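Below is run.pdb, holding PDB, C-alpha atoms.
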```pdb
ATOM      1  CA  MET J   1     101.526  98.279 128.153
ATOM      2  CA  ASN J   2     101.707  94.943 126.401
ATOM      3  CA  PHE J   3     101.142  92.317 129.121
ATOM      4  CA  ASN J   4     102.261  89.222 127.239
ATOM      5  CA  ASN J   5     104.816  88.441 129.983
ATOM      6  CA  THR J   6     104.508  88.955 133.737
ATOM      7  CA  TYR J   7     103.730  92.420 135.027
ATOM      8  CA  ILE J   8     107.151  92.761 136.709
ATOM      9  CA  GLY J   9     108.837  91.528 133.526
ATOM     10  CA  GLU J  10     107.133  94.276 131.538
ATOM     11  CA  ILE J  11     108.263  96.907 134.065
ATOM     12  CA  ILE J  12     111.861  95.662 133.917
ATOM     13  CA  ASN J  13     111.829  95.616 130.102
ATOM     14  CA  PHE J  14     110.488  99.170 130.034
ATOM     15  CA  TYR J  15     113.333 100.511 132.176
ATOM     16  CA  VAL J  16     115.973  98.495 130.324
ATOM     17  CA  GLU J  17     114.799 100.224 127.132
ATOM     18  CA  HIS J  18     114.261 103.629 128.798
ATOM     19  CA  PRO J  19     116.658 103.974 131.788
ATOM     20  CA  LYS J  20     116.206 107.785 131.879
ATOM     21  CA  TYR J  21     112.784 107.289 133.466
ATOM     22  CA  LEU J  22     114.439 105.733 136.536
ATOM     23  CA  LEU J  23     116.101 109.105 137.100
ATOM     24  CA  LEU J  24     112.701 110.773 136.789
ATOM     25  CA  ALA J  25     111.261 108.388 139.397
ATOM     26  CA  LEU J  26     114.213 109.152 141.705
ATOM     27  CA  ILE J  27     113.732 112.931 141.331
ATOM     28  CA  CYS J  28     109.985 112.613 142.054
ATOM     29  CA  SER J  29     110.732 110.502 145.128
ATOM     30  CA  ILE J  30     113.296 113.017 146.442
ATOM     31  CA  PHE J  31     110.898 115.932 146.009
ATOM     32  CA  PHE J  32     108.053 113.981 147.626
ATOM     33  CA  THR J  33     110.157 112.878 150.606
ATOM     34  CA  GLY J  34     111.744 116.323 150.945
ATOM     35  CA  GLY J  35     108.315 117.938 150.965
ATOM     36  CA  LEU J  36     107.209 115.709 153.802
ATOM     37  CA  TRP J  37     110.415 116.494 155.697
ATOM     38  CA  ILE J  38     109.663 120.228 155.434
ATOM     39  CA  LEU J  39     106.015 119.799 156.443
ATOM     40  CA  TYR J  40     106.653 117.305 159.229
ATOM     41  CA  PRO J  41     110.205 117.889 160.562
ATOM     42  CA  ASP J  42     109.509 116.095 163.845
ATOM     43  CA  TRP J  43     109.166 112.612 162.329
ATOM     44  CA  LEU J  44     111.838 110.050 163.000
ATOM     45  CA  LYS J  45     114.722 110.050 160.497
ATOM     46  CA  GLU J  46     114.059 106.356 159.730
ATOM     47  CA  SER J  47     110.550 107.285 158.590
ATOM     48  CA  TYR J  48     111.942 109.397 155.739
ATOM     49  CA  TYR J  49     114.178 106.508 154.621
ATOM     50  CA  ILE J  50     111.160 104.199 154.470
ATOM     51  CA  ILE J  51     109.074 106.847 152.711
ATOM     52  CA  GLY J  52     111.867 107.514 150.223
ATOM     53  CA  VAL J  53     112.274 103.848 149.260
ATOM     54  CA  THR J  54     108.527 103.254 149.127
ATOM     55  CA  SER J  55     107.783 106.387 147.124
ATOM     56  CA  PHE J  56     110.594 105.587 144.672
ATOM     57  CA  SER J  57     109.069 102.145 144.070
ATOM     58  CA  GLY J  58     105.660 103.724 143.661
ATOM     59  CA  PHE J  59     106.881 106.321 141.168
ATOM     60  CA  VAL J  60     108.688 103.586 139.229
ATOM     61  CA  LEU J  61     105.375 101.754 138.788
ATOM     62  CA  ILE J  62     103.334 104.912 138.098
ATOM     63  CA  ILE J  63     105.728 106.241 135.420
ATOM     64  CA  ALA J  64     106.051 102.860 133.696
ATOM     65  CA  GLN J  65     102.279 102.392 133.702
ATOM     66  CA  THR J  66     101.611 105.940 132.468
ATOM     67  CA  MET J  67     104.192 105.793 129.678
ATOM     68  CA  GLY J  68     103.087 102.294 128.707
ATOM     69  CA  TYR J  69      99.466 103.425 128.487
ATOM     70  CA  TRP J  70     100.427 106.502 126.443
ATOM     71  CA  LYS J  71     102.556 104.477 124.035
ATOM     72  CA  GLU J  72      99.910 101.798 123.616
ATOM     73  CA  THR J  73      97.243 104.454 122.988
ATOM     74  CA  LYS J  74      99.487 106.021 120.348
ATOM     75  CA  LEU J  75     100.119 102.586 118.831
ATOM     76  CA  GLU J  76      96.367 101.863 118.764
ATOM     77  CA  LYS J  77      95.752 105.050 116.775
ATOM     78  CA  GLU J  78      98.536 104.158 114.341
ATOM     79  CA  TYR J  79      97.078 100.639 114.059
ATOM     80  CA  ASP J  80      93.619 102.009 113.202
ATOM     81  CA  GLU J  81      95.090 104.433 110.675
ATOM     82  CA  ILE J  82      97.126 101.889 108.707
ATOM     83  CA  LEU J  83      94.140  99.521 108.449
ATOM     84  CA  LYS J  84      92.173 102.162 106.534
ATOM     85  CA  LYS J  85      94.349 101.631 103.434
ATOM     86  CA  PRO J  86      96.540  98.605 104.120
ATOM     87  CA  PHE J  87      97.272  97.364 100.611
ATOM     88  CA  GLU J  88      97.962  98.485  97.062
ATOM     89  CA  GLN J  89      95.929  97.210  94.119
ATOM     90  CA  LYS J  90      96.557  97.479  90.406
ATOM     91  CA  PHE J  91      95.332  96.007  87.152
ATOM     92  CA  LEU J  92      97.947  93.672  85.693
ATOM     93  CA  ILE J  93      98.681  93.595  81.966
ATOM     94  CA  PRO J  94     100.473  90.235  81.591
ATOM     95  CA  LEU J  95     103.137  89.142  79.158
ATOM     96  CA  LYS J  96     101.678  87.819  75.907
ATOM     97  CA  LYS J  97     103.543  84.495  76.306
ATOM     98  CA  TRP J  98     101.750  84.018  79.608
ATOM     99  CA  MET J  99      98.253  85.111  78.601
ATOM    100  CA  VAL J 100      96.734  86.934  75.612
ATOM    101  CA  ILE J 101      94.217  89.687  76.349
ATOM    102  CA  ASN J 102      91.949  91.678  73.995
ATOM    103  CA  TYR J 103      92.572  95.126  75.526
ATOM    104  CA  GLU J 104      95.639  97.268  76.314
ATOM    105  CA  ILE J 105      98.875  96.728  74.397
ATOM    106  CA  GLN J 106     101.054  94.012  75.909
ATOM    107  CA  THR J 107     104.800  94.654  76.161
ATOM    108  CA  ASP J 108     107.938  92.719  77.081
ATOM    109  CA  GLU J 109     107.358  93.567  80.737
ATOM    110  CA  PRO J 110     104.215  93.124  82.850
ATOM    111  CA  GLN J 111     102.430  96.430  83.505
ATOM    112  CA  ARG J 112     100.538  97.464  86.625
ATOM    113  CA  LEU J 113      97.944 100.160  85.975
ATOM    114  CA  ASP J 114      95.291 102.127  87.862
ATOM    115  CA  LYS J 115      93.191 102.418  84.698
ATOM    116  CA  ILE J 116      92.569 100.161  81.694
ATOM    117  CA  ASN J 117      90.720 100.610  78.386
ATOM    118  CA  ILE J 118      88.356  97.937  77.034
ATOM    119  CA  LYS J 119      86.105  97.954  73.976
ATOM    120  CA  PRO J 120      82.300  97.897  74.439
ATOM    121  CA  ASN J 121      80.283  94.702  73.966
ATOM    122  CA  THR J 122      83.229  92.380  74.560
ATOM    123  CA  LYS J 123      84.159  89.656  77.022
ATOM    124  CA  SER J 124      87.556  90.015  78.675
ATOM    125  CA  THR J 125      89.582  88.712  81.600
ATOM    126  CA  ILE J 126      90.918  91.410  83.892
ATOM    127  CA  ILE J 127      93.651  90.609  86.406
ATOM    128  CA  LEU J 128      93.941  92.343  89.745
ATOM    129  CA  THR J 129      97.077  92.378  91.916
ATOM    130  CA  THR J 130      96.938  92.923  95.672
ATOM    131  CA  ARG J 131      99.969  93.589  97.871
ATOM    132  CA  ILE J 132     100.314  94.866 101.428
ATOM    133  CA  LYS J 133     102.041  98.243 101.512
ATOM    134  CA  LYS J 134     105.777  97.808 101.978
ATOM    135  CA  ASP J 135     106.149 100.015 105.048
ATOM    136  CA  LEU J 136     103.487  98.228 107.115
ATOM    137  CA  GLY J 137     105.275  94.931 107.780
ATOM    138  CA  ILE J 138     102.118  93.035 108.796
ATOM    139  CA  ASP J 139     100.096  90.029 107.645
ATOM    140  CA  LEU J 140      96.366  90.371 107.002
ATOM    141  CA  GLU J 141      93.320  88.179 106.699
ATOM    142  CA  ILE J 142      90.437  88.995 104.364
ATOM    143  CA  ARG J 143      87.135  87.499 105.516
ATOM    144  CA  ASP J 144      84.857  88.779 102.772
ATOM    145  CA  SER J 145      85.382  90.340  99.348
ATOM    146  CA  GLN J 146      82.826  92.276  97.335
ATOM    147  CA  TYR J 147      83.134  93.624  93.802
ATOM    148  CA  ASN J 148      80.886  95.738  91.626
ATOM    149  CA  PHE J 149      80.964  98.367  88.885
ATOM    150  CA  GLY J 150      80.021 101.971  89.572
ATOM    151  CA  GLY J 151      79.354 104.736  87.090
ATOM    152  CA  ASP J 152      76.580 106.364  85.068
ATOM    153  CA  GLU J 153      73.340 104.702  86.143
ATOM    154  CA  GLU J 154      71.714 105.503  82.780
ATOM    155  CA  LYS J 155      74.252 103.325  80.981
ATOM    156  CA  LYS J 156      74.589  99.578  81.047
ATOM    157  CA  LYS J 157      77.634  98.990  83.201
ATOM    158  CA  PRO J 158      80.108  96.115  82.775
ATOM    159  CA  LYS J 159      79.229  92.908  84.590
ATOM    160  CA  ILE J 160      81.371  90.309  86.311
ATOM    161  CA  ILE J 161      80.712  86.890  84.814
ATOM    162  CA  LYS J 162      82.828  84.963  87.308
ATOM    163  CA  TRP J 163      85.987  84.942  89.384
ATOM    164  CA  ARG J 164      88.823  82.804  88.071
ATOM    165  CA  ASN J 165      92.353  81.891  89.074
ATOM    166  CA  PRO J 166      94.496  83.611  86.405
ATOM    167  CA  TYR J 167      97.374  81.171  86.895
ATOM    168  CA  TYR J 168      95.500  78.245  85.367
ATOM    169  CA  GLU J 169      93.691  77.362  82.162
ATOM    170  CA  GLU J 170      89.935  76.875  82.289
ATOM    171  CA  ASN J 171      90.094  73.090  82.030
ATOM    172  CA  THR J 172      92.752  72.672  84.736
ATOM    173  CA  SER J 173      91.590  71.022  87.935
ATOM    174  CA  VAL J 174      93.152  72.928  90.826
ATOM    175  CA  VAL J 175      92.508  73.684  94.472
ATOM    176  CA  LYS J 176      91.965  77.443  94.574
ATOM    177  CA  TRP J 177      92.878  79.979  97.245
ATOM    178  CA  PHE J 178      89.434  80.377  98.730
ATOM    179  CA  ASP J 179      87.218  77.984 100.588
ATOM    180  CA  LYS J 180      84.562  80.174  99.083
ATOM    181  CA  GLU J 181      81.068  80.852  97.920
ATOM    182  CA  LEU J 182      80.665  83.036  94.830
ATOM    183  CA  GLY J 183      77.771  84.958  93.402
ATOM    184  CA  TYR J 184      75.663  88.095  93.192
ATOM    185  CA  ASP J 185      73.426  89.485  95.906
ATOM    186  CA  TRP J 186      70.199  91.435  95.324
ATOM    187  CA  HIS J 187      72.198  94.690  95.111
ATOM    188  CA  ASP J 188      74.071  93.328  92.083
ATOM    189  CA  ILE J 189      77.301  93.030  94.099
ATOM    190  CA  TYR J 190      79.570  90.066  93.412
ATOM    191  CA  HIS J 191      80.669  88.292  96.613
ATOM    192  CA  ILE J 192      83.556  85.992  97.409
ATOM    193  CA  SER J 193      82.899  84.664 100.897
ATOM    194  CA  GLY J 194      85.516  82.922 103.001
ATOM    195  CA  LYS J 195      88.883  83.556 104.640
ATOM    196  CA  ARG J 196      92.042  84.420 102.769
ATOM    197  CA  LEU J 197      95.475  85.139 104.243
ATOM    198  CA  ILE J 198      97.502  87.957 102.705
ATOM    199  CA  PHE J 199     101.166  87.812 103.710
ATOM    200  CA  LYS J 200     103.524  90.768 103.617
ATOM    201  CA  ASP J 201     106.004  90.878 100.724
ATOM    202  CA  VAL J 202     103.768  88.618  98.584
ATOM    203  CA  THR J 203     101.737  89.775  95.574
ATOM    204  CA  TYR J 204      98.373  88.058  95.063
ATOM    205  CA  MET J 205      96.386  87.881  91.849
ATOM    206  CA  ASP J 206      92.698  87.517  91.088
ATOM    207  CA  GLY J 207      91.135  87.144  87.662
ATOM    208  CA  PHE J 208      87.632  88.203  86.681
ATOM    209  CA  ASP J 209      85.851  87.365  83.462
ATOM    210  CA  ILE J 210      83.768  90.439  82.650
ATOM    211  CA  GLU J 211      81.477  91.608  79.860
ATOM    212  CA  THR J 212      81.268  95.240  78.733
ATOM    213  CA  TYR J 213      78.260  96.981  77.163
ATOM    214  CA  ASP J 214      77.884 100.764  76.824
ATOM    215  CA  LYS J 215      80.804 103.157  76.414
ATOM    216  CA  GLY J 216      81.707 105.166  79.502
ATOM    217  CA  VAL J 217      84.027 105.509  82.477
ATOM    218  CA  TYR J 218      83.318 102.958  85.225
ATOM    219  CA  SER J 219      84.840 102.343  88.623
ATOM    220  CA  PHE J 220      85.734  98.820  89.623
ATOM    221  CA  ASP J 221      84.763  99.059  93.294
ATOM    222  CA  MET J 222      86.021  96.635  95.922
ATOM    223  CA  ASN J 223      85.012  96.199  99.541
ATOM    224  CA  PHE J 224      86.792  93.933 102.054
ATOM    225  CA  ILE J 225      86.576  92.988 105.719
ATOM    226  CA  VAL J 226      90.233  93.063 106.727
ATOM    227  CA  VAL J 227      91.519  91.505 109.946
ATOM    228  CA  CYS J 228      94.936  91.952 111.543
ATOM    229  CA  LYS J 229      95.999  90.067 114.675
ATOM    230  CA  LYS J 230      99.292  91.802 115.493
ATOM    231  CA  PHE J 231     100.815  95.215 114.850
ATOM    232  CA  LYS J 232     104.426  95.773 115.975
ATOM    233  CA  ASN J 233     104.490  94.639 119.651
ATOM    234  CA  LEU J 234     100.727  95.013 120.108
ATOM    235  CA  GLU J 235      99.031  91.631 119.919
ATOM    236  CA  LYS J 236      95.427  92.607 119.408
ATOM    237  CA  GLU J 237      92.954  91.591 116.721
ATOM    238  CA  LYS J 238      91.369  94.455 114.809
ATOM    239  CA  SER J 239      88.975  94.377 111.883
ATOM    240  CA  LYS J 240      88.186  97.124 109.423
ATOM    241  CA  GLU J 241      86.016  97.590 106.356
ATOM    242  CA  VAL J 242      88.328  98.626 103.522
ATOM    243  CA  ARG J 243      87.075 100.158 100.261
ATOM    244  CA  THR J 244      89.237 100.511  97.154
ATOM    245  CA  SER J 245      88.598 101.405  93.526
ATOM    246  CA  LEU J 246      90.234 101.255  90.088
ATOM    247  CA  THR J 247      88.984 102.620  86.750
ATOM    248  CA  ILE J 248      87.837 100.902  83.550
ATOM    249  CA  ASN J 249      87.273 103.008  80.431
ATOM    250  CA  VAL J 250      84.924 101.354  77.952
ATOM    251  CA  VAL J 251      85.862 103.088  74.683
TER     252      VAL J 251
END
```
Could you rewrite the structure in this file as structure tokens?
Amino acid sequence: MNFNNTYIGEIINFYVEHPKYLLLALICSIFFTGGLWILYPDWLKESYYIIGVTSFSGFVLIIAQTMGYWKETKLEKEYDEILKKPFEQKFLIPLKKWMVINYEIQTDEPQRLDKINIKPNTKSTIILTTRIKKDLGIDLEIRDSQYNFGGDEEKKKPKIIKWRNPYYEENTSVVKWFDKELGYDWHDIYHISGKRLIFKDVTYMDGFDIETYDKGVYSFDMNFIVVCKKFKNLEKEKSKEVRTSLTINVV
């Protein structure tokens, strides 16, 4: 059960929402008291009244606790499951009036794609959109972001030159989203360290200046530490390593 309020308050709320379980507690109490009456018929009649009231109270607590534990266990499993793939990511092809790119044909509407095509030996800016899945209804915090290209190890894979805020021109002075540290580690993985809040119903964008080399099909692999502090009525912080991937064709 979720013990944000007092214990008694949680019990009362449970039975307000599920009054049928009071009937179950009453039936259990009647059977329990009746069984004692059959086994020990010589007890005083007042004893059965006391036992009946006491056992009813006990069954009320036992049923509420059992159902609360079962529901919270079920909610925990659902919580863990949704954190495995909590958001949707796409490449964004922007409007030409907003930003001109040297790959993919730009149209009168922005496009969101799982795969983009870029020429070899060119420098380009790719834009990534991130949005929490609509049916989750939660806010998230990302505490670390890692990016790298996967693919044929015999070919020279694309390389991230730097992260950039796609909303602004290069010479614009602006406070960016991250209180961050950027750079490659010894595994050739590009890191963005720091905290970033991702709110439900909001689409976030990241830009990356990249350079392509050999032709081939490459995965743009992403790895995040995702933290959630509340899911439905369960106030409990959980963290999960989330891996996602999109595709870049160098052709």
Self-check item: Nearest-residue call for His187 in chain J, choices J:Pro19, J:Asp139, J:Tyr147, J:Ile132, using all atoms listed in the file
Solution: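 Closest to His187 in chain J of all the choices is J:Tyr147.
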Quiz item: Between J:Val251, J:Ile126, J:Ala64, J:Leu136, which is the closest to Lys84 in chain J once you count all atoms listed in the file?
Solution: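 Smallest separation from Lys84 in chain J among the options: J:Leu136.
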Quiz item: Which is closer to Gly183 in chain J than all the others in J:Lys157, J:Arg112, J:Lys134, J:Lys162, using all atoms listed in the file?
Solution: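 Going through J:Lys157, J:Arg112, J:Lys134, J:Lys162 one by one, the smallest distance to Gly183 in chain J is for J:Lys162.
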Which residues of range 120-206 of chain J come within 12 Å of range 239-250 of chain J, and what is each one's closest atom pair and distance in Å (one decimal), counting only C-alpha atoms, sorted by chain and residue number, as a tab-separated table?
```
residue	atom	partner	partner_atom	distance
J:Pro120	CA	J:Val250	CA	5.6
J:Asn121	CA	J:Val250	CA	9.0
J:Thr122	CA	J:Val250	CA	9.7
J:Lys123	CA	J:Val250	CA	11.8
J:Ser124	CA	J:Val250	CA	11.7
J:Ile126	CA	J:Ile248	CA	10.0
J:Ile127	CA	J:Leu246	CA	11.8
J:Leu128	CA	J:Leu246	CA	9.7
J:Thr129	CA	J:Leu246	CA	11.4
J:Thr130	CA	J:Thr244	CA	10.9
J:Leu140	CA	J:Ser239	CA	9.7
J:Glu141	CA	J:Ser239	CA	9.2
J:Ile142	CA	J:Ser239	CA	9.4
J:Arg143	CA	J:Ser239	CA	9.6
J:Asp144	CA	J:Glu241	CA	9.6
J:Ser145	CA	J:Val242	CA	9.7
J:Gln146	CA	J:Arg243	CA	9.4
J:Tyr147	CA	J:Ser245	CA	9.5
J:Asn148	CA	J:Ser245	CA	9.8
J:Phe149	CA	J:Ile248	CA	9.1
J:Gly150	CA	J:Thr247	CA	9.4
J:Gly151	CA	J:Thr247	CA	9.9
J:Lys155	CA	J:Val250	CA	11.3
J:Lys156	CA	J:Val250	CA	10.9
J:Lys157	CA	J:Val250	CA	9.3
J:Pro158	CA	J:Val250	CA	8.6
J:Lys159	CA	J:Ile248	CA	11.8
```
Quiz item: Quick one, how far is CA of Arg131 in chain J from CA of Phe91 in chain J?
Solution: 11.9 Å
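We find CA of Met99 in chain J and CA of Tyr213 in chain J to be spaced 23.3 Å apart.
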Quiz prompt | Matched chain/residue IDs from the PyMOL selection byres ((chain J and resi 108) around 9), as a PyMOL selection string | solution = chain J and resi 95-96+106-107+109-110
Quiz item: If you apply the PyMOL selection byres ((chain J and resi 166) around 10) to this file, what residues do you get, as a PyMOL selection string?
Solution: chain J and resi 98-99+125-128+163-165+167-170+205-209
Quiz item: Between CA of Lys115 in chain J and CA of Ser219 in chain J, what is the distance, to one decimal in Å?
Solution: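 Calculated distance between CA of Lys115 in chain J and CA of Ser219 in chain J is 9.2 Å.
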Self-check item: From J:Glu153, J:Asp201, J:Glu76, J:Asp188, residue lying nearest Glu88 in chain J [all atoms listed in the file]
Solution: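 When distances to Glu88 in chain J are compared using all atoms listed in the file, the smallest one comes from J:Asp201.
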Quiz item: What's the 12 Å shell around Gly58 in chain J, counting all atoms listed in the file, without same-chain residues fewer than 6 positions away, as a ChimeraX atom specification?
Solution: /J:22,25-26,28-29,32,51-52,64-65
Quiz prompt | Best match for closeness to Gln111 in chain J among J:Leu234, J:Leu92, J:Ile12, J:Met222, counting all atoms listed in the file | solution = J:Leu92
Edge lengths and centre in Å to one decimal, as AutoDock Vina command-line options, of the axis-aligned box that encloses all listed atoms of range 202-211 of chain J with 8 Å added on every side?
```
--center_x 92.6 --center_y 89.4 --center_z 89.2 --size_x 38.3 --size_y 20.5 --size_z 34.7
```
Practice problem: For the file shown, report as a list in words the outcome of the PyMOL selection byres ((chain J and resi 75) around 12) at residue level. | Solution: Met1, Asn2, Gly68, Tyr69, Trp70, Lys71, Glu72, Thr73, Lys74, Glu76, Lys77, Glu78, Tyr79, Asp80, Glu81, Ile82, Lys230, Phe231, Lys232, Asn233, Leu234, Glu235 and Lys236 of chain J
Mind rebuilding range 89-103 of chain J with N, CA and C atoms and writing that out as a compact mmCIF listing (two decimals), in the coordinates of the input?
```txt
# COMPACT_ATOMS: atom_id res chain seq x y z
N GLN J 89 96.54 98.04 95.15
CA GLN J 89 95.93 97.21 94.12
C GLN J 89 96.10 97.85 92.75
N LYS J 90 96.36 97.02 91.77
CA LYS J 90 96.56 97.48 90.41
C LYS J 90 95.95 96.46 89.45
N PHE J 91 95.63 96.92 88.24
CA PHE J 91 95.33 96.01 87.15
C PHE J 91 96.66 95.51 86.59
N LEU J 92 96.74 94.24 86.28
CA LEU J 92 97.95 93.67 85.69
C LEU J 92 97.74 93.42 84.20
N ILE J 93 98.64 93.93 83.38
CA ILE J 93 98.68 93.60 81.97
C ILE J 93 99.79 92.57 81.80
N PRO J 94 99.46 91.30 81.57
CA PRO J 94 100.47 90.24 81.59
C PRO J 94 101.30 90.18 80.30
N LEU J 95 102.37 89.43 80.37
CA LEU J 95 103.14 89.14 79.16
C LEU J 95 102.29 88.31 78.21
N LYS J 96 102.47 88.54 76.90
CA LYS J 96 101.68 87.82 75.91
C LYS J 96 101.96 86.32 75.96
N LYS J 97 103.21 85.92 76.26
CA LYS J 97 103.54 84.50 76.31
C LYS J 97 102.86 83.80 77.48
N TRP J 98 102.44 84.59 78.46
CA TRP J 98 101.75 84.02 79.61
C TRP J 98 100.25 83.97 79.36
N MET J 99 99.69 85.04 78.81
CA MET J 99 98.25 85.11 78.60
C MET J 99 97.95 86.22 77.60
N VAL J 100 97.11 85.94 76.62
CA VAL J 100 96.73 86.93 75.61
C VAL J 100 95.43 87.60 76.03
N ILE J 101 95.41 88.93 76.01
CA ILE J 101 94.22 89.69 76.35
C ILE J 101 93.77 90.50 75.13
N ASN J 102 92.50 90.94 75.13
CA ASN J 102 91.95 91.68 74.00
C ASN J 102 91.77 93.17 74.29
N TYR J 103 92.59 93.70 75.20
CA TYR J 103 92.57 95.13 75.53
C TYR J 103 93.98 95.51 75.95
```
